[in-house]
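Chemist: Quick one: the structure is below, questions incoming.
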Amino acid sequence: MPRYLVTGGGGFIGSHIVSALLAQDMQVRVLENFFMGRRVNLAPYADRIELIEGDVRSYHVVQEAVTNVDYVLHQAALTSVPRSVRDPITTAEVNVLGTLNLLRAARDAGVKRLVFASSSSVYGDSPILPKTELMPCEPISPYAISKLTGEQYCRSFWRLYGLPTVCLRYFNVFGPRQDFASQYSAVIPRFIRALLRGDSLTVNGDGQQSRDFTYVANVVHANLLACQASDVAGKVFNVATGRRSTLLELIGLLSEMIGRTSQVIHAPSRAGDVPHSHADISSAWMLLDYRPIVILEEGLRKTVQWFQENLG
């Protein structure tokens, strides 16, 4: 039975990957420091996983975590653009040094494949849409730079050392368990919480900026495919739906689902944010056999339901 290591397995995306692997009766080890991840996300699986509490910045911890592992799904990261603008050093330490630690340890341990969670932010603010993997990358924020650097290290370890790596560029992932309380929270959990509470909605900018909002199950699906697909080592893939929506359109959908409208307050645009994001997913379609399995509206309904049951 293959053994999987999920770094950041207590986080939003990582915990969904853990759940999907266990549903397939895989052996799962989690590396988590619980800085951004939450113990409650792993609580339902506590007796079925091996948990190593530690930080990817510690090489010895990472070395222990990859021992006797077949596949690594590397989700551990500081994921916020605003946080990276405020604190670029820590973002680089976790996202770059942590990834390099993991690659080195995985190489030495003979890991069969490492899948790296990258980000659509690496494309920067190019007006060309949709984004294809062959486009030049012009990252703006320190977070985006850290993710592109991680990609380059992944490719280097494949070319130099023969460690099979696959990089997945996530586009605006949302879903159950996503943090709504942090100042760095993504827009969908913040909008849902505000609508449920009857609070005003704060939109940075005019609300016409658009995103390829991607339900978390699609990202999980892509990760599992990336572990097994043939002839994809060293490659990078967009993971999204291939559809974009504006923030104002998103608010309209959520308001209709929740049955409540709220005042929209426009705040200044955030430093490091890009105006539009839209993925070409044809490469993942052809080489990973990836298809979005949950469309935007269905994903929003599932997410709203989860927040209604768990917001407290």
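Ligands are numbered from 1 in the order shown, residues from 1 within each chain, and chains are lettered A, B, ... in the order they appear in the structure tokens.
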As a list in words, please: the residues near segment 219-221 of chain A (cut-off 7 Å, only C-alpha atoms, same-chain neighbours under 5 positions excluded).
Modeler: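 Everything that qualifies: His16, Ile17 and Val239 of chain A.
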Chemist: Among segment 136-196 of chain A, which ones does DSSP place in helix (DSSP H, G or I), written as an NGL selection string?
Modeler: :A and (142-161 or 187-196)
Chemist: Please, could you write that set of residues out with C-alpha atoms as a PDB file, in the first residue's frame?
Modeler:
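Contents of selection-v1.pdb, as written:
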```
ATOM      1  CA  PRO A 142       6.649  38.228  -2.350  1.00  0.00           C
ATOM      2  CA  TYR A 143       4.207  35.341  -2.009  1.00  0.00           C
ATOM      3  CA  ALA A 144       4.037  34.903  -5.781  1.00  0.00           C
ATOM      4  CA  ILE A 145       7.820  35.116  -6.041  1.00  0.00           C
ATOM      5  CA  SER A 146       8.174  32.424  -3.369  1.00  0.00           C
ATOM      6  CA  LYS A 147       5.853  30.094  -5.272  1.00  0.00           C
ATOM      7  CA  LEU A 148       7.615  30.611  -8.593  1.00  0.00           C
ATOM      8  CA  THR A 149      10.933  29.983  -6.851  1.00  0.00           C
ATOM      9  CA  GLY A 150       9.514  26.749  -5.438  1.00  0.00           C
ATOM     10  CA  GLU A 151       8.522  25.706  -8.955  1.00  0.00           C
ATOM     11  CA  GLN A 152      12.020  26.363 -10.242  1.00  0.00           C
ATOM     12  CA  TYR A 153      13.543  24.282  -7.476  1.00  0.00           C
ATOM     13  CA  CYS A 154      11.127  21.459  -8.285  1.00  0.00           C
ATOM     14  CA  ARG A 155      12.142  21.508 -11.937  1.00  0.00           C
ATOM     15  CA  SER A 156      15.802  21.666 -10.974  1.00  0.00           C
ATOM     16  CA  PHE A 157      15.529  18.609  -8.743  1.00  0.00           C
ATOM     17  CA  TRP A 158      13.924  16.676 -11.596  1.00  0.00           C
ATOM     18  CA  ARG A 159      16.556  17.713 -14.128  1.00  0.00           C
ATOM     19  CA  LEU A 160      19.601  17.418 -11.896  1.00  0.00           C
ATOM     20  CA  TYR A 161      18.729  14.596  -9.532  1.00  0.00           C
ATOM     21  CA  VAL A 187     -12.992  36.697  -0.136  1.00  0.00           C
ATOM     22  CA  ILE A 188     -15.516  33.840  -0.274  1.00  0.00           C
ATOM     23  CA  PRO A 189     -15.454  32.888   3.441  1.00  0.00           C
ATOM     24  CA  ARG A 190     -15.425  36.587   4.366  1.00  0.00           C
ATOM     25  CA  PHE A 191     -18.397  37.327   2.128  1.00  0.00           C
ATOM     26  CA  ILE A 192     -20.352  34.314   3.423  1.00  0.00           C
ATOM     27  CA  ARG A 193     -19.740  35.261   7.051  1.00  0.00           C
ATOM     28  CA  ALA A 194     -20.779  38.857   6.429  1.00  0.00           C
ATOM     29  CA  LEU A 195     -23.992  37.828   4.655  1.00  0.00           C
ATOM     30  CA  LEU A 196     -24.911  35.303   7.346  1.00  0.00           C
TER      31      LEU A 196
END
```
Chemist: Which residues are close to segment 58-62 of chain A, i.e. within 8 Å by only C-alpha atoms, leaving aside same-chain residues fewer than 6 positions away? Reply as a PyMOL selection string.
Modeler: chain A and resi 98+101-102+105
Chemist: Using N, CA and C atoms, can you export the residues from the last selection as a CSV table (one decimal), in the first residue's frame?
Modeler:
```csv
chain,number,residue,atom,x,y,z
A,98,GLY,N,11.6,26.0,3.1
A,98,GLY,CA,10.9,24.8,3.5
A,98,GLY,C,10.7,23.9,2.3
A,101,ASN,N,14.1,22.3,1.6
A,101,ASN,CA,14.4,21.2,2.6
A,101,ASN,C,13.7,19.9,2.1
A,102,LEU,N,12.4,20.1,1.8
A,102,LEU,CA,11.6,18.9,1.4
A,102,LEU,C,12.1,18.2,0.2
A,105,ALA,N,15.3,16.3,1.0
A,105,ALA,CA,15.0,15.1,1.8
A,105,ALA,C,14.3,14.0,1.0
```
Chemist: Within 10 Å of Tyr4 of chain A, counting only C-alpha atoms, which residues show up once you throw out same-chain ones fewer than 4 positions away? Write them as a PyMOL selection string, please.
Modeler: chain A and resi 18+21+26-30+66+68-73+111+113-114+227
Chemist: I need the chosen residues saved as a PDB file, in the first residue's frame, with N, CA and C atoms.
Modeler:
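The resulting file, result.pdb, is reproduced below:
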```pdb
ATOM      1  N   VAL A  18      -6.065  14.826   2.769  1.00  0.00           N
ATOM      2  CA  VAL A  18      -5.977  13.722   3.734  1.00  0.00           C
ATOM      3  C   VAL A  18      -7.260  12.900   3.704  1.00  0.00           C
ATOM      4  N   LEU A  21      -7.477  10.765   0.511  1.00  0.00           N
ATOM      5  CA  LEU A  21      -6.549   9.634   0.523  1.00  0.00           C
ATOM      6  C   LEU A  21      -7.057   8.519   1.431  1.00  0.00           C
ATOM      7  N   MET A  26      -5.545   4.668   1.674  1.00  0.00           N
ATOM      8  CA  MET A  26      -4.109   4.880   1.589  1.00  0.00           C
ATOM      9  C   MET A  26      -3.523   5.111   2.984  1.00  0.00           C
ATOM     10  N   GLN A  27      -2.223   4.849   3.121  1.00  0.00           N
ATOM     11  CA  GLN A  27      -1.515   5.179   4.346  1.00  0.00           C
ATOM     12  C   GLN A  27      -1.103   6.647   4.276  1.00  0.00           C
ATOM     13  N   VAL A  28      -1.413   7.398   5.318  1.00  0.00           N
ATOM     14  CA  VAL A  28      -1.219   8.844   5.279  1.00  0.00           C
ATOM     15  C   VAL A  28      -0.406   9.301   6.482  1.00  0.00           C
ATOM     16  N   ARG A  29       0.627  10.055   6.193  1.00  0.00           N
ATOM     17  CA  ARG A  29       1.406  10.748   7.218  1.00  0.00           C
ATOM     18  C   ARG A  29       1.236  12.244   6.993  1.00  0.00           C
ATOM     19  N   VAL A  30       1.105  12.997   8.065  1.00  0.00           N
ATOM     20  CA  VAL A  30       0.906  14.449   7.987  1.00  0.00           C
ATOM     21  C   VAL A  30       2.036  15.153   8.715  1.00  0.00           C
ATOM     22  N   VAL A  66       9.772  12.291   5.517  1.00  0.00           N
ATOM     23  CA  VAL A  66       9.774  11.631   4.207  1.00  0.00           C
ATOM     24  C   VAL A  66      10.268  10.195   4.258  1.00  0.00           C
ATOM     25  N   ASN A  68      10.486   6.445   4.248  1.00  0.00           N
ATOM     26  CA  ASN A  68       9.576   5.364   3.816  1.00  0.00           C
ATOM     27  C   ASN A  68       8.279   5.891   3.202  1.00  0.00           C
ATOM     28  N   VAL A  69       8.361   7.043   2.569  1.00  0.00           N
ATOM     29  CA  VAL A  69       7.196   7.637   1.905  1.00  0.00           C
ATOM     30  C   VAL A  69       7.320   7.455   0.401  1.00  0.00           C
ATOM     31  N   ASP A  70       6.200   7.154  -0.265  1.00  0.00           N
ATOM     32  CA  ASP A  70       6.184   7.005  -1.725  1.00  0.00           C
ATOM     33  C   ASP A  70       5.876   8.314  -2.438  1.00  0.00           C
ATOM     34  N   TYR A  71       4.870   9.051  -1.925  1.00  0.00           N
ATOM     35  CA  TYR A  71       4.429  10.277  -2.581  1.00  0.00           C
ATOM     36  C   TYR A  71       4.332  11.413  -1.561  1.00  0.00           C
ATOM     37  N   VAL A  72       4.768  12.595  -1.989  1.00  0.00           N
ATOM     38  CA  VAL A  72       4.687  13.778  -1.141  1.00  0.00           C
ATOM     39  C   VAL A  72       3.761  14.782  -1.803  1.00  0.00           C
ATOM     40  N   LEU A  73       2.755  15.234  -1.073  1.00  0.00           N
ATOM     41  CA  LEU A  73       1.859  16.293  -1.522  1.00  0.00           C
ATOM     42  C   LEU A  73       2.144  17.508  -0.652  1.00  0.00           C
ATOM     43  N   VAL A 111      11.860   9.197  -2.795  1.00  0.00           N
ATOM     44  CA  VAL A 111      10.419   9.410  -3.005  1.00  0.00           C
ATOM     45  C   VAL A 111      10.084   9.262  -4.490  1.00  0.00           C
ATOM     46  N   ARG A 113       7.439  10.518  -6.190  1.00  0.00           N
ATOM     47  CA  ARG A 113       6.977  11.755  -6.823  1.00  0.00           C
ATOM     48  C   ARG A 113       6.617  12.780  -5.755  1.00  0.00           C
ATOM     49  N   LEU A 114       6.923  14.031  -6.036  1.00  0.00           N
ATOM     50  CA  LEU A 114       6.541  15.136  -5.163  1.00  0.00           C
ATOM     51  C   LEU A 114       5.657  16.094  -5.955  1.00  0.00           C
ATOM     52  N   CYS A 227      -0.122  12.435  -8.937  1.00  0.00           N
ATOM     53  CA  CYS A 227       0.733  11.396  -8.354  1.00  0.00           C
ATOM     54  C   CYS A 227       0.902  10.210  -9.293  1.00  0.00           C
TER      55      CYS A 227
END
```
Chemist: Would you mind telling me which residue in A:Pro292, A:Gly175, A:Gly252, A:Gly162 lies nearest to Leu201 of chain A when using only C-alpha atoms?
Modeler: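 Using only C-alpha atoms, Leu201 of chain A sits closest to A:Gly252.
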Chemist: Could you tell me how far atom CA of Arg260 of chain A lies from atom CA of Pro275 of chain A, in Å and to one decimal?
Modeler: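 Atom-to-atom, atom CA of Arg260 of chain A to atom CA of Pro275 of chain A, that is 27.1 Å.
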Chemist: Counting only C-alpha atoms, which residues of segment 237-279 of chain A fall within 7 Å of segment 204-218 of chain A, and what is the closest atom pair for each with its distance in Å at one decimal, ordered by chain and rising number, as CSV?
Modeler:
```
residue,atom,partner,partner_atom,distance
A:Ala240,CA,A:Thr214,CA,5.3
A:Thr241,CA,A:Thr214,CA,6.1
A:Gly242,CA,A:Asp212,CA,6.6
A:Arg243,CA,A:Asp212,CA,5.5
A:Arg244,CA,A:Asp212,CA,4.3
A:Ser245,CA,A:Ser210,CA,5.1
A:Thr246,CA,A:Ser210,CA,4.0
A:Leu247,CA,A:Gly207,CA,5.0
A:Leu248,CA,A:Gly207,CA,5.3
A:His266,CA,A:Asn204,CA,5.8
A:Ala267,CA,A:Asn204,CA,4.6
A:Pro268,CA,A:Asn204,CA,5.3
A:Ser269,CA,A:Gly205,CA,4.5
A:Arg270,CA,A:Asn204,CA,6.4
A:Pro275,CA,A:Gln209,CA,4.8
A:His276,CA,A:Ser210,CA,4.7
A:Ser277,CA,A:Arg211,CA,4.7
A:His278,CA,A:Asp212,CA,5.1
A:Ala279,CA,A:Asp212,CA,6.7
```
